[in-house]
file final.cif (mmCIF, C-alpha atoms)
data_structure
#
loop_
_atom_site.label_atom_id
_atom_site.label_comp_id
_atom_site.auth_asym_id
_atom_site.auth_seq_id
_atom_site.Cartn_x
_atom_site.Cartn_y
_atom_site.Cartn_z
CA MET W 1 -26.41 -18.39 -12.55
CA THR W 2 -25.50 -17.96 -8.90
CA ALA W 3 -27.42 -17.33 -5.71
CA SER W 4 -27.20 -13.59 -6.38
CA GLY W 5 -28.58 -14.06 -9.90
CA LEU W 6 -25.88 -11.78 -11.27
CA GLY W 7 -24.32 -14.24 -13.70
CA GLN W 8 -21.86 -17.06 -14.07
CA SER W 9 -19.43 -17.32 -11.19
CA VAL W 10 -15.77 -18.22 -11.41
CA ARG W 11 -13.96 -20.18 -8.71
CA PHE W 12 -10.71 -18.77 -7.31
CA THR W 13 -8.51 -21.07 -5.22
CA ARG W 14 -6.85 -19.87 -2.01
CA GLY W 15 -3.89 -17.63 -2.79
CA SER W 16 -4.95 -16.81 -6.37
CA TYR W 17 -5.67 -13.27 -7.55
CA LEU W 18 -8.84 -11.73 -8.98
CA PHE W 19 -6.65 -8.88 -10.19
CA ARG W 20 -3.31 -7.36 -9.38
CA GLN W 21 -2.10 -3.85 -8.60
CA HIS W 22 -1.53 -1.92 -11.90
CA ASP W 23 -3.69 -4.32 -13.98
CA PRO W 24 -6.08 -2.46 -16.35
CA ALA W 25 -9.36 -1.93 -14.47
CA GLN W 26 -12.05 -3.57 -16.59
CA GLN W 27 -14.52 -5.33 -14.33
CA LEU W 28 -16.37 -5.16 -11.08
CA TYR W 29 -16.35 -8.27 -8.92
CA HIS W 30 -19.18 -9.54 -6.74
CA ILE W 31 -18.06 -12.03 -4.09
CA GLU W 32 -20.58 -14.89 -3.82
CA THR W 33 -18.72 -17.08 -1.33
CA GLY W 34 -15.29 -16.96 0.28
CA LEU W 35 -13.08 -14.10 1.38
CA VAL W 36 -11.00 -11.69 -0.67
CA ARG W 37 -8.47 -9.25 0.67
CA LEU W 38 -7.34 -6.07 -1.04
CA ALA W 39 -3.72 -5.31 -0.32
CA LEU W 40 -1.21 -2.76 -1.46
CA LEU W 41 2.42 -3.54 -2.16
CA THR W 42 4.49 -0.49 -1.19
CA PRO W 43 7.54 0.64 -3.21
CA ARG W 44 9.78 -1.10 -0.66
CA GLY W 45 7.91 -4.39 -0.82
CA ARG W 46 5.79 -4.12 2.31
CA LEU W 47 2.29 -5.57 1.94
CA ILE W 48 -0.54 -3.63 3.64
CA THR W 49 -4.05 -5.09 3.88
CA LEU W 50 -6.48 -2.34 2.84
CA ARG W 51 -9.74 -4.16 3.43
CA LEU W 52 -11.45 -7.53 3.45
CA VAL W 53 -14.26 -8.23 0.98
CA LEU W 54 -16.99 -10.50 2.34
CA PRO W 55 -19.65 -12.59 0.59
CA GLY W 56 -22.23 -10.22 -0.93
CA ASP W 57 -19.68 -7.39 -1.26
CA TYR W 58 -18.35 -5.80 -4.40
CA CYS W 59 -14.73 -4.98 -5.14
CA GLY W 60 -12.86 -3.64 -8.16
CA GLU W 61 -14.61 -0.26 -7.81
CA ASP W 62 -11.48 1.35 -9.30
CA VAL W 63 -13.16 0.52 -12.63
CA LEU W 64 -15.68 3.32 -11.87
CA CYS W 65 -13.09 6.05 -11.71
CA SER W 66 -9.74 5.01 -13.13
CA GLN W 67 -7.83 3.02 -15.71
CA HIS W 68 -5.96 0.66 -13.40
CA TYR W 69 -6.51 -1.25 -10.21
CA ARG W 70 -4.50 0.26 -7.40
CA HIS W 71 -4.19 -2.87 -5.26
CA HIS W 72 -4.14 -6.65 -5.37
CA ALA W 73 -7.31 -8.69 -4.80
CA GLU W 74 -6.31 -12.06 -3.37
CA ALA W 75 -8.60 -14.96 -2.46
CA LEU W 76 -7.82 -15.77 1.20
CA THR W 77 -10.07 -18.85 0.97
CA GLY W 78 -11.55 -20.64 -2.04
CA SER W 79 -14.02 -18.06 -3.40
CA SER W 80 -16.84 -17.93 -5.95
CA VAL W 81 -16.86 -14.62 -7.77
CA VAL W 82 -18.98 -13.03 -10.53
CA ALA W 83 -17.14 -10.59 -12.81
CA LEU W 84 -19.34 -7.81 -14.16
CA ASP W 85 -19.09 -5.10 -16.79
CA PRO W 86 -20.10 -1.95 -14.85
CA ALA W 87 -21.77 -0.50 -17.98
CA ARG W 88 -24.11 -3.51 -18.10
CA LEU W 89 -24.98 -3.64 -14.41
CA PRO W 90 -28.77 -3.97 -14.00
CA ALA W 91 -30.28 -0.69 -12.70
CA ARG W 92 -31.59 -2.34 -9.50
CA GLU W 93 -28.06 -3.60 -8.82
CA VAL W 94 -26.43 -0.16 -8.92
CA LEU W 95 -28.02 0.76 -5.60
CA ALA W 96 -26.79 -2.56 -4.12
CA LEU W 97 -23.33 -1.61 -5.38
CA ALA W 98 -23.52 1.83 -3.72
CA ARG W 99 -24.72 0.19 -0.51
CA SER W 100 -21.91 -2.38 -0.53
CA ILE W 101 -19.24 0.25 -1.19
CA GLY W 102 -20.79 2.43 1.52
CA THR W 103 -20.63 -0.44 4.03
CA GLN W 104 -17.01 -1.10 3.13
CA LEU W 105 -16.20 2.61 3.47
CA ARG W 106 -17.66 2.42 6.97
CA ARG W 107 -15.43 -0.57 7.79
CA ALA W 108 -12.41 1.27 6.34
CA MET W 109 -13.15 4.22 8.64
CA ASP W 110 -13.44 1.85 11.63
CA HIS W 111 -10.03 0.49 10.63
CA GLU W 112 -8.61 4.05 10.53
CA VAL W 113 -9.76 4.49 14.12
CA SER W 114 -8.30 1.14 15.15
CA LEU W 115 -4.94 2.03 13.57
CA GLN W 116 -4.88 5.11 15.78
CA SER W 117 -5.10 3.00 18.91
CA GLY W 118 -1.63 2.99 20.34
CA ASP W 119 -1.75 -0.52 21.79
CA LEU W 120 -0.76 -3.14 19.21
CA ARG W 121 -2.04 -6.00 21.39
CA LEU W 122 -5.55 -4.52 21.23
CA ARG W 123 -5.29 -3.92 17.48
CA VAL W 124 -4.44 -7.62 17.09
CA VAL W 125 -7.37 -8.65 19.32
CA ARG W 126 -9.74 -6.42 17.32
CA TYR W 127 -8.51 -7.87 14.04
CA LEU W 128 -8.79 -11.46 15.31
CA LEU W 129 -12.42 -10.86 16.34
CA GLU W 130 -13.09 -9.26 12.94
CA LEU W 131 -11.58 -12.26 11.14
CA ALA W 132 -13.61 -14.66 13.30
CA ASP W 133 -16.75 -13.27 11.58
CA THR W 134 -15.39 -14.03 8.10
CA PRO W 135 -14.97 -17.36 6.29
CA LEU W 136 -11.55 -17.59 8.02
CA GLY W 137 -13.39 -18.18 11.30
CA ALA W 138 -14.76 -21.63 12.21
CA GLU W 139 -15.58 -23.81 15.21
CA ASP W 140 -13.46 -26.75 16.30
CA PRO W 141 -14.90 -30.11 17.49
CA HIS W 142 -15.14 -28.61 21.01
CA ASP W 143 -17.28 -25.70 19.68
CA ARG W 144 -14.44 -23.28 20.26
CA LEU W 145 -14.02 -20.47 17.76
CA TYR W 146 -10.76 -20.43 15.84
CA VAL W 147 -9.33 -18.22 13.10
CA ARG W 148 -7.19 -19.49 10.25
CA ALA W 149 -4.52 -16.79 10.18
CA THR W 150 -0.75 -16.57 10.18
CA HIS W 151 1.16 -13.95 12.16
CA GLU W 152 2.08 -12.42 8.80
CA LEU W 153 -1.58 -11.96 7.84
CA LEU W 154 -2.27 -10.36 11.23
CA ALA W 155 0.69 -8.01 10.81
CA GLU W 156 -0.39 -6.92 7.31
CA GLY W 157 -3.87 -6.12 8.61
CA SER W 158 -2.98 -4.36 11.84
CA GLY W 159 -0.23 -1.95 10.83
CA SER W 160 2.60 -3.86 12.41
CA THR W 161 5.46 -6.27 11.83
CA ARG W 162 5.38 -10.04 12.16
CA GLU W 163 7.81 -9.83 15.09
CA SER W 164 5.58 -7.43 17.06
CA VAL W 165 2.50 -9.54 16.31
CA SER W 166 4.28 -12.68 17.52
CA LYS W 167 5.11 -10.91 20.77
CA ALA W 168 1.48 -9.80 21.22
CA ILE W 169 0.20 -13.32 20.41
CA THR W 170 2.57 -14.81 23.02
CA GLU W 171 1.26 -12.37 25.65
CA LEU W 172 -2.36 -13.21 24.83
CA ARG W 173 -1.55 -16.93 24.98
CA ASP W 174 0.26 -16.56 28.32
CA ALA W 175 -2.82 -14.73 29.63
CA GLY W 176 -4.94 -17.79 28.70
CA LEU W 177 -7.04 -15.86 26.17
CA ILE W 178 -5.98 -17.77 23.05
CA GLU W 179 -4.26 -20.99 21.98
CA THR W 180 -2.07 -21.17 18.93
CA GLY W 181 -1.46 -23.92 16.40
CA TYR W 182 -0.33 -24.41 12.82
CA ARG W 183 -1.79 -21.51 10.78
CA HIS W 184 -4.63 -21.01 13.24
CA ILE W 185 -5.45 -19.31 16.54
CA THR W 186 -8.17 -20.54 18.90
CA LEU W 187 -10.11 -17.91 20.83
CA VAL W 188 -10.46 -19.87 24.08
CA ASP W 189 -11.75 -16.94 26.14
CA LEU W 190 -13.93 -14.88 23.79
CA ALA W 191 -15.51 -12.86 26.61
CA GLY W 192 -12.06 -12.04 27.99
CA LEU W 193 -10.89 -10.81 24.58
CA GLN W 194 -14.00 -8.66 24.13
CA ALA W 195 -13.54 -7.24 27.65
CA LEU W 196 -10.03 -6.05 26.69
CA LEU W 197 -11.52 -3.91 23.92
CA THR W 198 -14.33 -2.55 26.10
CA ARG W 199 -11.81 -1.60 28.74
CA GLN W 200 -9.74 0.20 26.14
CA ASP W 201 -12.75 2.26 25.02
CA ARG W 202 -12.90 3.54 28.56
CA GLN W 203 -9.18 4.05 29.11
CA GLU W 204 -8.26 5.14 25.60
CA GLU W 205 -4.91 6.76 25.26
CA GLN W 206 -3.52 9.45 22.98
CA PRO W 207 -0.68 8.21 20.79
CA MET L 208 -31.81 24.27 -8.40
CA THR L 209 -28.06 24.04 -8.12
CA ALA L 210 -25.21 23.46 -10.53
CA SER L 211 -25.62 19.71 -10.04
CA GLY L 212 -29.34 19.95 -10.82
CA LEU L 213 -30.12 17.75 -7.83
CA GLY L 214 -32.37 20.17 -5.99
CA GLN L 215 -32.46 23.10 -3.63
CA SER L 216 -29.24 23.62 -1.74
CA VAL L 217 -28.87 24.70 1.86
CA ARG L 218 -26.01 26.88 3.10
CA PHE L 219 -24.02 25.69 6.11
CA THR L 220 -21.71 28.18 7.81
CA ARG L 221 -18.21 27.25 8.96
CA GLY L 222 -18.37 25.14 12.11
CA SER L 223 -22.01 24.09 11.70
CA TYR L 224 -23.12 20.48 11.36
CA LEU L 225 -24.98 18.70 8.55
CA PHE L 226 -25.64 15.91 11.03
CA ARG L 227 -24.19 14.62 14.27
CA GLN L 228 -23.06 11.22 15.47
CA HIS L 229 -26.08 9.16 16.67
CA ASP L 230 -28.63 11.35 14.81
CA PRO L 231 -31.26 9.28 12.96
CA ALA L 232 -29.95 8.64 9.41
CA GLN L 233 -32.57 10.04 7.06
CA GLN L 234 -30.85 11.78 4.16
CA LEU L 235 -27.96 11.65 1.78
CA TYR L 236 -25.99 14.86 1.30
CA HIS L 237 -24.40 16.07 -1.92
CA ILE L 238 -21.74 18.74 -1.38
CA GLU L 239 -22.05 21.46 -4.03
CA THR L 240 -19.40 23.87 -2.72
CA GLY L 241 -17.24 23.99 0.38
CA LEU L 242 -15.61 21.32 2.49
CA VAL L 243 -17.15 18.92 4.99
CA ARG L 244 -15.27 16.68 7.36
CA LEU L 245 -16.59 13.50 8.90
CA ALA L 246 -15.24 12.97 12.38
CA LEU L 247 -15.79 10.49 15.16
CA LEU L 248 -15.91 11.44 18.81
CA THR L 249 -14.46 8.55 20.83
CA PRO L 250 -15.89 7.51 24.22
CA ARG L 251 -13.09 9.49 25.92
CA GLY L 252 -13.73 12.65 23.95
CA ARG L 253 -10.98 12.40 21.35
CA LEU L 254 -12.02 13.64 17.89
CA ILE L 255 -10.71 11.64 14.92
CA THR L 256 -11.16 12.92 11.35
CA LEU L 257 -12.43 9.99 9.27
CA ARG L 258 -12.48 11.66 5.87
CA LEU L 259 -12.95 14.94 4.03
CA VAL L 260 -15.89 15.37 1.66
CA LEU L 261 -15.14 17.55 -1.36
CA PRO L 262 -17.44 19.44 -3.77
CA GLY L 263 -19.23 16.85 -5.94
CA ASP L 264 -18.98 14.15 -3.26
CA TYR L 265 -21.75 12.49 -1.33
CA CYS L 266 -21.83 11.83 2.39
CA GLY L 267 -24.41 10.46 4.81
CA GLU L 268 -24.18 7.01 3.18
CA ASP L 269 -25.02 5.51 6.59
CA VAL L 270 -28.63 6.09 5.47
CA LEU L 271 -28.16 3.20 3.00
CA CYS L 272 -27.40 0.62 5.64
CA SER L 273 -28.31 1.77 9.13
CA GLN L 274 -30.63 3.72 11.36
CA HIS L 275 -28.18 6.28 12.70
CA TYR L 276 -25.22 8.31 11.52
CA ARG L 277 -22.04 7.02 13.08
CA HIS L 278 -20.06 10.27 12.88
CA HIS L 279 -20.35 14.05 12.77
CA ALA L 280 -20.44 15.93 9.47
CA GLU L 281 -19.06 19.43 10.06
CA ALA L 282 -18.70 22.23 7.52
CA LEU L 283 -15.01 23.26 7.63
CA THR L 284 -15.78 26.19 5.32
CA GLY L 285 -19.07 27.75 4.30
CA SER L 286 -20.70 25.00 2.21
CA SER L 287 -23.68 24.60 -0.12
CA VAL L 288 -25.29 21.21 0.31
CA VAL L 289 -28.28 19.39 -1.21
CA ALA L 290 -30.09 16.95 1.10
CA LEU L 291 -31.63 13.99 -0.72
CA ASP L 292 -34.03 11.18 0.09
CA PRO L 293 -32.14 8.08 -1.08
CA ALA L 294 -35.41 6.40 -2.14
CA ARG L 295 -36.08 9.27 -4.56
CA LEU L 296 -32.61 9.52 -6.04
CA PRO L 297 -32.86 9.67 -9.86
CA ALA L 298 -31.66 6.37 -11.42
CA ARG L 299 -28.82 8.09 -13.32
CA GLU L 300 -27.61 9.57 -10.03
CA VAL L 301 -27.27 6.22 -8.26
CA LEU L 302 -24.21 5.37 -10.36
CA ALA L 303 -22.74 8.81 -9.56
CA LEU L 304 -23.34 8.00 -5.88
CA ALA L 305 -21.56 4.62 -6.20
CA ARG L 306 -18.67 6.33 -8.00
CA SER L 307 -18.37 9.07 -5.34
CA ILE L 308 -18.43 6.55 -2.49
CA GLY L 309 -15.89 4.41 -4.39
CA THR L 310 -13.56 7.40 -4.79
CA GLN L 311 -13.86 8.21 -1.11
CA LEU L 312 -13.20 4.57 -0.20
CA ARG L 313 -10.01 4.84 -2.23
CA ARG L 314 -8.99 7.96 -0.32
CA ALA L 315 -9.81 6.24 2.99
CA MET L 316 -7.51 3.36 2.00
CA ASP L 317 -4.75 5.84 1.10
CA HIS L 318 -5.24 7.34 4.54
CA GLU L 319 -4.90 3.87 6.13
CA VAL L 320 -1.54 3.53 4.40
CA SER L 321 -0.47 7.00 5.53
CA LEU L 322 -1.41 6.22 9.15
CA GLN L 323 0.94 3.24 8.97
CA SER L 324 3.87 5.48 8.11
CA GLY L 325 5.87 5.73 11.30
CA ASP L 326 7.08 9.30 10.77
CA LEU L 327 4.58 11.84 12.07
CA ARG L 328 6.35 14.74 10.34
CA LEU L 329 5.69 13.09 6.97
CA ARG L 330 2.06 12.33 7.87
CA VAL L 331 1.63 16.04 8.63
CA VAL L 332 3.27 17.02 5.31
CA ARG L 333 1.03 14.58 3.41
CA TYR L 334 -2.07 15.94 5.12
CA LEU L 335 -1.06 19.57 4.48
CA LEU L 336 -0.62 18.83 0.76
CA GLU L 337 -3.98 17.05 0.73
CA LEU L 338 -5.67 20.03 2.40
CA ALA L 339 -4.02 22.42 -0.06
CA ASP L 340 -6.15 20.79 -2.80
CA THR L 341 -9.40 21.45 -0.91
CA PRO L 342 -11.29 24.71 -0.33
CA LEU L 343 -9.03 25.20 2.74
CA GLY L 344 -6.14 25.86 0.35
CA ALA L 345 -5.67 29.27 -1.29
CA GLU L 346 -2.97 31.54 -2.71
CA ASP L 347 -1.70 34.63 -0.92
CA PRO L 348 -0.96 37.98 -2.66
CA HIS L 349 2.55 36.64 -3.44
CA ASP L 350 1.04 33.58 -5.20
CA ARG L 351 2.22 31.31 -2.41
CA LEU L 352 -0.02 28.40 -1.46
CA TYR L 353 -1.36 28.44 2.07
CA VAL L 354 -3.69 26.19 4.04
CA ARG L 355 -6.21 27.42 6.58
CA ALA L 356 -5.68 24.86 9.34
CA THR L 357 -5.03 24.83 13.05
CA HIS L 358 -2.62 22.42 14.70
CA GLU L 359 -5.68 20.79 16.24
CA LEU L 360 -7.22 20.09 12.83
CA LEU L 361 -3.91 18.62 11.64
CA ALA L 362 -3.70 16.40 14.73
CA GLU L 363 -7.27 15.11 14.30
CA GLY L 364 -6.53 14.18 10.69
CA SER L 365 -3.10 12.62 11.08
CA GLY L 366 -3.51 10.32 14.06
CA SER L 367 -1.61 12.45 16.52
CA THR L 368 -1.83 14.97 19.33
CA ARG L 369 -1.70 18.75 19.02
CA GLU L 370 1.59 18.79 20.94
CA SER L 371 3.28 16.37 18.52
CA VAL L 372 1.93 18.27 15.52
CA SER L 373 3.25 21.56 16.94
CA LYS L 374 6.68 19.98 17.26
CA ALA L 375 6.56 18.71 13.66
CA ILE L 376 5.37 22.11 12.40
CA THR L 377 8.24 23.84 14.21
CA GLU L 378 10.74 21.46 12.58
CA LEU L 379 9.28 22.09 9.12
CA ARG L 380 9.38 25.84 9.74
CA ASP L 381 12.98 25.72 10.98
CA ALA L 382 13.86 23.81 7.80
CA GLY L 383 12.42 26.69 5.75
CA LEU L 384 9.68 24.56 4.18
CA ILE L 385 6.68 26.37 5.67
CA GLU L 386 5.75 29.61 7.43
CA THR L 387 3.10 29.77 10.10
CA GLY L 388 0.56 32.43 11.01
CA TYR L 389 -2.80 32.79 12.70
CA ARG L 390 -4.88 29.74 11.73
CA HIS L 391 -2.91 29.21 8.55
CA ILE L 392 0.28 27.63 7.24
CA THR L 393 2.08 28.82 4.11
CA LEU L 394 3.80 26.19 1.98
CA VAL L 395 6.83 28.28 1.00
CA ASP L 396 8.80 25.38 -0.50
CA LEU L 397 6.25 23.13 -2.16
CA ALA L 398 8.86 21.17 -4.12
CA GLY L 399 10.84 20.58 -0.93
CA LEU L 400 7.75 19.24 0.86
CA GLN L 401 6.91 16.93 -2.03
CA ALA L 402 10.51 15.69 -2.12
CA LEU L 403 10.21 14.64 1.55
CA LEU L 404 7.37 12.30 0.64
CA THR L 405 9.09 10.89 -2.43
CA ARG L 406 12.17 10.20 -0.35
CA GLN L 407 10.03 8.39 2.20
CA ASP L 408 8.54 6.12 -0.49
CA ARG L 409 12.08 4.99 -1.19
CA GLN L 410 13.27 4.70 2.42
CA GLU L 411 10.02 3.48 3.96
CA GLU L 412 10.33 1.98 7.38
CA GLN L 413 8.46 -0.72 9.26
CA PRO L 414 6.77 0.58 12.40
#
call {"tool": "encode", "arguments": {"input": "final.cif", "output": "structure tokens"}}
result
Amino acid sequence: MTASGLGQSVRFTRGSYLFRQHDPAQQLYHIETGLVRLALLTPRGRLITLRLVLPGDYCGEDVLCSQHYRHHAEALTGSSVVALDPARLPAREVLALARSIGTQLRRAMDHEVSLQSGDLRLRVVRYLLELADTPLGAEDPHDRLYVRATHELLAEGSGSTRESVSKAITELRDAGLIETGYRHITLVDLAGLQALLTRQDRQEEQP
Amino acid sequence: MTASGLGQSVRFTRGSYLFRQHDPAQQLYHIETGLVRLALLTPRGRLITLRLVLPGDYCGEDVLCSQHYRHHAEALTGSSVVALDPARLPAREVLALARSIGTQLRRAMDHEVSLQSGDLRLRVVRYLLELADTPLGAEDPHDRLYVRATHELLAEGSGSTRESVSKAITELRDAGLIETGYRHITLVDLAGLQALLTRQDRQEEQP
């Protein structure tokens, strides 16, 4: 049994899949530790991150209303996961499920709003700060926050291309707000990054 | 009691609010008939449609995880709604709640994908077809499908401005795909509109 008491957990290594788009939907998944991202592969092969699933969250809710999963679920870090038969979910847990899905719906709506911000640089900043609060965020030996993310991951989660993200990252680095390294980005001026977003709330543009 | 058997329903007229952004979150709402849209007013006064709530759906799920509603809930048509205390929700209904929120999360993720389509004209077409399947859609005396929507409503739901939507609507009208009238748009060539979207799935561009 796991910390959540829901059952036996299974360990997924980084880059492995809990389920894939078009797989038969048979189980709900409760994330105990780690980070899972749900992503859709479009007909032309573009990968779009739909949402991130955090420890304590459920995913695989397609099982409640359809025959197949409509997206991939990929472990972005090593993750402990409990697979559950929705028909055997304890009654007290169904409300926790509704609450988790409700919280994720809220985050999805926040993401909708962010996607409608015209400025890609700010979308990237917002996504970096979001990732910093997940298991992809950590502190270096100098207590500076960093995020383990590639430009590709940032592009897939912010409605952009890798090329545009690289340009935005270079601008943020030149402004002294971040430092970049192999597969990670250090947020050297956290207050400065947050100020960019606050300023945008005031200036907000119409696309 | 209503068709759903959940309790006494209240009638909301078109344009009235079930709740407003920042109101204390106290109740869940089950939509019996009609159409409700959840929309966020940004700090600069821009209104963004977050999602549409259809008959049989729940909204107000903020009550499960926070003190205040984070968006408006506006009746887009006359709507019958049952307000519920989440603590008194019958056990069998909690799973229905999770399923409804899960279905709406799926639609929100579809909307995320649509917002990442670069072509506004296609976003407008996709939104028109979505609205046609809600109580805003109806058939005229010639059995042609029409949608009761203003350009403003289309802009708020497709990540654009009224001016850009008006331009897209004019193009679709000039192409013979739609006809426009006072507060409504007739889908005169439904197959042609659907073909536009299918074609885009094949051609799909990177923004």
call {"tool": "atom_distance", "arguments": {"input": "final.cif", "atom1": "CA of Val165 in chain W", "atom2": "CA of Thr77 in chain W"}}
result
21.9 Å
call {"tool": "resolve_selection", "arguments": {"input": "final.cif", "expression": "the PyMOL selection byres ((chain W) within 7 of (chain L))", "output": "VMD selection string"}}
result
chain W and resid 43 to 44 50 61 64 to 65 94 to 95 97 to 99 101 to 102 105 108 to 109 112 116 159 to 161 201 to 202 204 206 to 207
call {"tool": "resolve_selection", "arguments": {"input": "final.cif", "expression": "the PyMOL selection byres ((chain L and resi 286) around 9)", "output": "ChimeraX atom specification"}}
result
/L:217-221,238-243,262,282-285,287-288
call {"tool": "calpha_fit_rmsd", "arguments": {"input": "final.cif", "fixed": "chain W", "moving": "chain L"}}
result
0.0 Å
call {"tool": "resolve_selection", "arguments": {"input": "final.cif", "expression": "the PyMOL selection byres ((chain L and resi 391-405) around 9)", "output": "count of residues only"}}
result
30
call {"tool": "atom_distance", "arguments": {"input": "final.cif", "atom1": "CA of Leu84 in chain W", "atom2": "CA of Leu153 in chain W"}}
result
28.6 Å
call {"tool": "atom_distance", "arguments": {"input": "final.cif", "atom1": "CA of Leu254 in chain L", "atom2": "CA of Phe226 in chain L"}}
result
15.4 Å
call {"tool": "axis_aligned_box", "arguments": {"input": "final.cif", "around": "range 86-97 of chain W", "padding_each_side": "5 Å", "output": "JSON"}}
result
{"center_x": -25.8, "center_y": -1.6, "center_z": -11.1, "size_x": 21.5, "size_y": 14.7, "size_z": 24.0}
